[in-house]
Amino acid sequence: MHSSKKSRLFMLIMAIIVLLGFFLGILYYLILDNNIKQSIIDTFLNLNNLRINDILKDLLIMSLLLTLSFFIIGIPIGLFYLIYDGFTLGFIFLTFLNIYKIKGIFYILIYFLFCKIPIIILMFLFLRKIINIGRLIIGMIIYKKEITIKEKIINNFINALYIILFVLIINILKYLLTPLFFSLLK
């Protein structure tokens with residue numbers, strides 16, 4: 001299979017995983033007790049100057065996944081994290097829709113386009129790198145081809161660090177711009 005076909009297949013599989021989480025988030029919201037939904041809505045409406053701070057969370061998760069990729073276990077944990085991200089998107093989607101009705105769709109699109117989708121795309125690329133690292137390490141153990149594989153591992157590792165840097169930049173922007181976003185909701 002050609003590299004571009006593999007990349008498209010990989011991205012398709014990652015998108016399906018996120019969509020699965022999205023629909024699970026919607027399903028979870030739908031089965032929640034109405035009192036809990038109202039509590040979530042009340043809490044959401046009473047937020048003043050909210051700043052969404054995912055900087056530390058994303059840094060910790062991505063660093064942990066990168067480290068665990070050297071032991072292969074980071075790959076399934078990364079896939080689970082994608083499901084979690086999709087879940088939160090689905091949950092947020094219905095929460096905004098429930099609170100703001102039709103106007104909420106506009107806010108959801110803004111939030112998804114500028115806050116969540118760039119992070120998810122970078123997460124796809126990041127998972128691609130940690131899967132490559134895991135695959136190369138398995139190849140190094142089985143086939144004992146250390147010299148060329150070590151260079152590829154280092155290259156994937158450095159690329160993964162760049163992706164973490166981009167995620168941090170997006171999260172810093174999100175942190176700084178979130179109060180502006182929520183002031184539009186009022």
# chains A, B, ... in the order shown; residues from 1 in each chain; ligands from 1
>>> closest_atom_pairs(of="segment 6-100 of chain A", to="segment 127-140 of chain A", cutoff="12 Å", atoms="only C-alpha atoms", output="Markdown table")
| residue | atom | partner | partner_atom | distance |
| --- | --- | --- | --- | --- |
| A:Lys6 | CA | A:Arg128 | CA | 10.8 |
| A:Ser7 | CA | A:Arg128 | CA | 8.9 |
| A:Arg8 | CA | A:Arg128 | CA | 11.6 |
| A:Leu9 | CA | A:Arg128 | CA | 11.6 |
| A:Phe10 | CA | A:Arg128 | CA | 8.0 |
| A:Met11 | CA | A:Arg128 | CA | 9.0 |
| A:Ile13 | CA | A:Arg128 | CA | 11.4 |
| A:Met14 | CA | A:Leu127 | CA | 9.1 |
| A:Ile61 | CA | A:Leu127 | CA | 11.8 |
| A:Met62 | CA | A:Leu127 | CA | 9.3 |
| A:Ser63 | CA | A:Ile130 | CA | 10.7 |
| A:Leu64 | CA | A:Ile130 | CA | 10.9 |
| A:Leu65 | CA | A:Ile130 | CA | 7.6 |
| A:Leu66 | CA | A:Ile130 | CA | 6.1 |
| A:Thr67 | CA | A:Ile130 | CA | 9.0 |
| A:Leu68 | CA | A:Ile130 | CA | 8.7 |
| A:Ser69 | CA | A:Ile130 | CA | 5.5 |
| A:Phe70 | CA | A:Gly134 | CA | 5.9 |
| A:Phe71 | CA | A:Gly134 | CA | 7.1 |
| A:Ile72 | CA | A:Gly134 | CA | 5.1 |
| A:Ile73 | CA | A:Gly134 | CA | 8.6 |
| A:Gly74 | CA | A:Ile130 | CA | 7.5 |
| A:Ile75 | CA | A:Ile131 | CA | 6.1 |
| A:Pro76 | CA | A:Ile131 | CA | 9.5 |
| A:Ile77 | CA | A:Leu127 | CA | 10.1 |
| A:Gly78 | CA | A:Leu127 | CA | 6.6 |
| A:Leu79 | CA | A:Leu127 | CA | 7.9 |
| A:Phe80 | CA | A:Leu127 | CA | 11.2 |
| A:Tyr81 | CA | A:Leu127 | CA | 10.2 |
| A:Leu82 | CA | A:Leu127 | CA | 9.4 |
>>> write_last_selection(atoms="N, CA and C atoms", output="mmCIF file, in the first residue's frame")
data_model
loop_
_atom_site.group_PDB
_atom_site.id
_atom_site.type_symbol
_atom_site.label_atom_id
_atom_site.label_comp_id
_atom_site.auth_asym_id
_atom_site.auth_seq_id
_atom_site.Cartn_x
_atom_site.Cartn_y
_atom_site.Cartn_z
ATOM 1 N N LYS A 6 -1.910 4.852 2.935
ATOM 2 C CA LYS A 6 -1.801 4.493 4.347
ATOM 3 C C LYS A 6 -2.154 5.687 5.230
ATOM 4 N N SER A 7 -1.676 6.869 4.840
ATOM 5 C CA SER A 7 -1.954 8.072 5.626
ATOM 6 C C SER A 7 -3.448 8.381 5.632
ATOM 7 N N ARG A 8 -4.085 8.278 4.479
ATOM 8 C CA ARG A 8 -5.524 8.537 4.412
ATOM 9 C C ARG A 8 -6.300 7.504 5.221
ATOM 10 N N LEU A 9 -5.881 6.244 5.127
ATOM 11 C CA LEU A 9 -6.544 5.194 5.900
ATOM 12 C C LEU A 9 -6.369 5.452 7.398
ATOM 13 N N PHE A 10 -5.170 5.830 7.787
ATOM 14 C CA PHE A 10 -4.889 6.134 9.186
ATOM 15 C C PHE A 10 -5.783 7.281 9.673
ATOM 16 N N MET A 11 -5.844 8.366 8.879
ATOM 17 C CA MET A 11 -6.665 9.517 9.265
ATOM 18 C C MET A 11 -8.138 9.135 9.326
ATOM 19 N N ILE A 13 -9.377 6.149 10.052
ATOM 20 C CA ILE A 13 -9.560 5.349 11.264
ATOM 21 C C ILE A 13 -9.587 6.255 12.499
ATOM 22 N N MET A 14 -8.687 7.237 12.549
ATOM 23 C CA MET A 14 -8.664 8.169 13.681
ATOM 24 C C MET A 14 -9.963 8.976 13.736
ATOM 25 N N ILE A 61 -0.509 14.594 29.237
ATOM 26 C CA ILE A 61 -0.993 13.434 28.482
ATOM 27 C C ILE A 61 -0.075 13.117 27.312
ATOM 28 N N MET A 62 0.279 14.149 26.545
ATOM 29 C CA MET A 62 1.116 13.902 25.368
ATOM 30 C C MET A 62 2.530 13.460 25.763
ATOM 31 N N SER A 63 3.072 14.029 26.827
ATOM 32 C CA SER A 63 4.391 13.595 27.298
ATOM 33 C C SER A 63 4.351 12.150 27.774
ATOM 34 N N LEU A 64 3.287 11.817 28.489
ATOM 35 C CA LEU A 64 3.120 10.444 28.968
ATOM 36 C C LEU A 64 2.970 9.474 27.793
ATOM 37 N N LEU A 65 2.157 9.836 26.820
ATOM 38 C CA LEU A 65 1.971 8.974 25.647
ATOM 39 C C LEU A 65 3.272 8.807 24.876
ATOM 40 N N LEU A 66 4.029 9.890 24.731
ATOM 41 C CA LEU A 66 5.304 9.808 24.026
ATOM 42 C C LEU A 66 6.268 8.884 24.764
ATOM 43 N N THR A 67 6.329 9.025 26.071
ATOM 44 C CA THR A 67 7.202 8.151 26.868
ATOM 45 C C THR A 67 6.732 6.702 26.795
ATOM 46 N N LEU A 68 5.437 6.484 26.923
ATOM 47 C CA LEU A 68 4.906 5.118 26.893
ATOM 48 C C LEU A 68 4.989 4.484 25.506
ATOM 49 N N SER A 69 5.139 5.307 24.460
ATOM 50 C CA SER A 69 5.262 4.733 23.119
ATOM 51 C C SER A 69 6.538 3.903 22.994
ATOM 52 N N PHE A 70 7.529 4.211 23.811
ATOM 53 C CA PHE A 70 8.758 3.424 23.799
ATOM 54 C C PHE A 70 8.538 2.046 24.407
ATOM 55 N N PHE A 71 7.431 1.901 25.126
ATOM 56 C CA PHE A 71 7.066 0.606 25.713
ATOM 57 C C PHE A 71 5.814 0.036 25.065
ATOM 58 N N ILE A 72 5.424 0.575 23.943
ATOM 59 C CA ILE A 72 4.297 0.170 23.101
ATOM 60 C C ILE A 72 2.938 0.475 23.741
ATOM 61 N N ILE A 73 2.839 0.593 25.044
ATOM 62 C CA ILE A 73 1.543 0.763 25.707
ATOM 63 C C ILE A 73 0.928 2.137 25.452
ATOM 64 N N GLY A 74 1.725 3.102 25.010
ATOM 65 C CA GLY A 74 1.199 4.435 24.732
ATOM 66 C C GLY A 74 0.203 4.452 23.588
ATOM 67 N N ILE A 75 0.318 3.489 22.682
ATOM 68 C CA ILE A 75 -0.557 3.468 21.505
ATOM 69 C C ILE A 75 -2.018 3.230 21.886
ATOM 70 N N PRO A 76 -2.365 2.154 22.627
ATOM 71 C CA PRO A 76 -3.788 1.991 22.982
ATOM 72 C C PRO A 76 -4.304 3.093 23.905
ATOM 73 N N ILE A 77 -3.442 3.614 24.756
ATOM 74 C CA ILE A 77 -3.866 4.708 25.629
ATOM 75 C C ILE A 77 -4.166 5.953 24.793
ATOM 76 N N GLY A 78 -3.358 6.196 23.766
ATOM 77 C CA GLY A 78 -3.596 7.318 22.856
ATOM 78 C C GLY A 78 -4.915 7.180 22.112
ATOM 79 N N LEU A 79 -5.228 5.965 21.695
ATOM 80 C CA LEU A 79 -6.500 5.728 21.005
ATOM 81 C C LEU A 79 -7.672 5.964 21.953
ATOM 82 N N PHE A 80 -7.522 5.528 23.197
ATOM 83 C CA PHE A 80 -8.559 5.771 24.198
ATOM 84 C C PHE A 80 -8.737 7.270 24.426
ATOM 85 N N TYR A 81 -7.633 8.015 24.421
ATOM 86 C CA TYR A 81 -7.704 9.458 24.609
ATOM 87 C C TYR A 81 -8.485 10.124 23.470
ATOM 88 N N LEU A 82 -8.335 9.607 22.256
ATOM 89 C CA LEU A 82 -9.113 10.133 21.128
ATOM 90 C C LEU A 82 -10.606 9.895 21.337
#
>>> atom_distance(atom1="atom CA of Phe126 of chain A", atom2="atom CA of Phe157 of chain A")
9.6 Å
>>> residues_around(residues="Ile169 of chain A", least_positions_apart="6", cutoff="10 Å", atoms="only C-alpha atoms", output="list in words")
Ile55, Ile163 and Tyr175 of chain A
>>> residues_around(residues="segment 89-106 of chain A", least_positions_apart="6", cutoff="12 Å", atoms="only C-alpha atoms", output="ChimeraX atom specification")
/A:18-32,34,36-45,82-83,112-113,115-117,119-120,181-182,184-186
>>> atom_distance(atom1="atom CA of Asp58 of chain A", atom2="atom CA of Ile154 of chain A")
21.7 Å
>>> closest_residue(among="A:Leu161, A:Tyr143, A:Glu151, A:Phe166", to="Ile121 of chain A", atoms="only C-alpha atoms")
A:Phe166
>>> closest_residue(among="A:Asp33, A:Ser4, A:Pro118, A:Tyr84", to="Leu173 of chain A", atoms="only C-alpha atoms")
A:Pro118
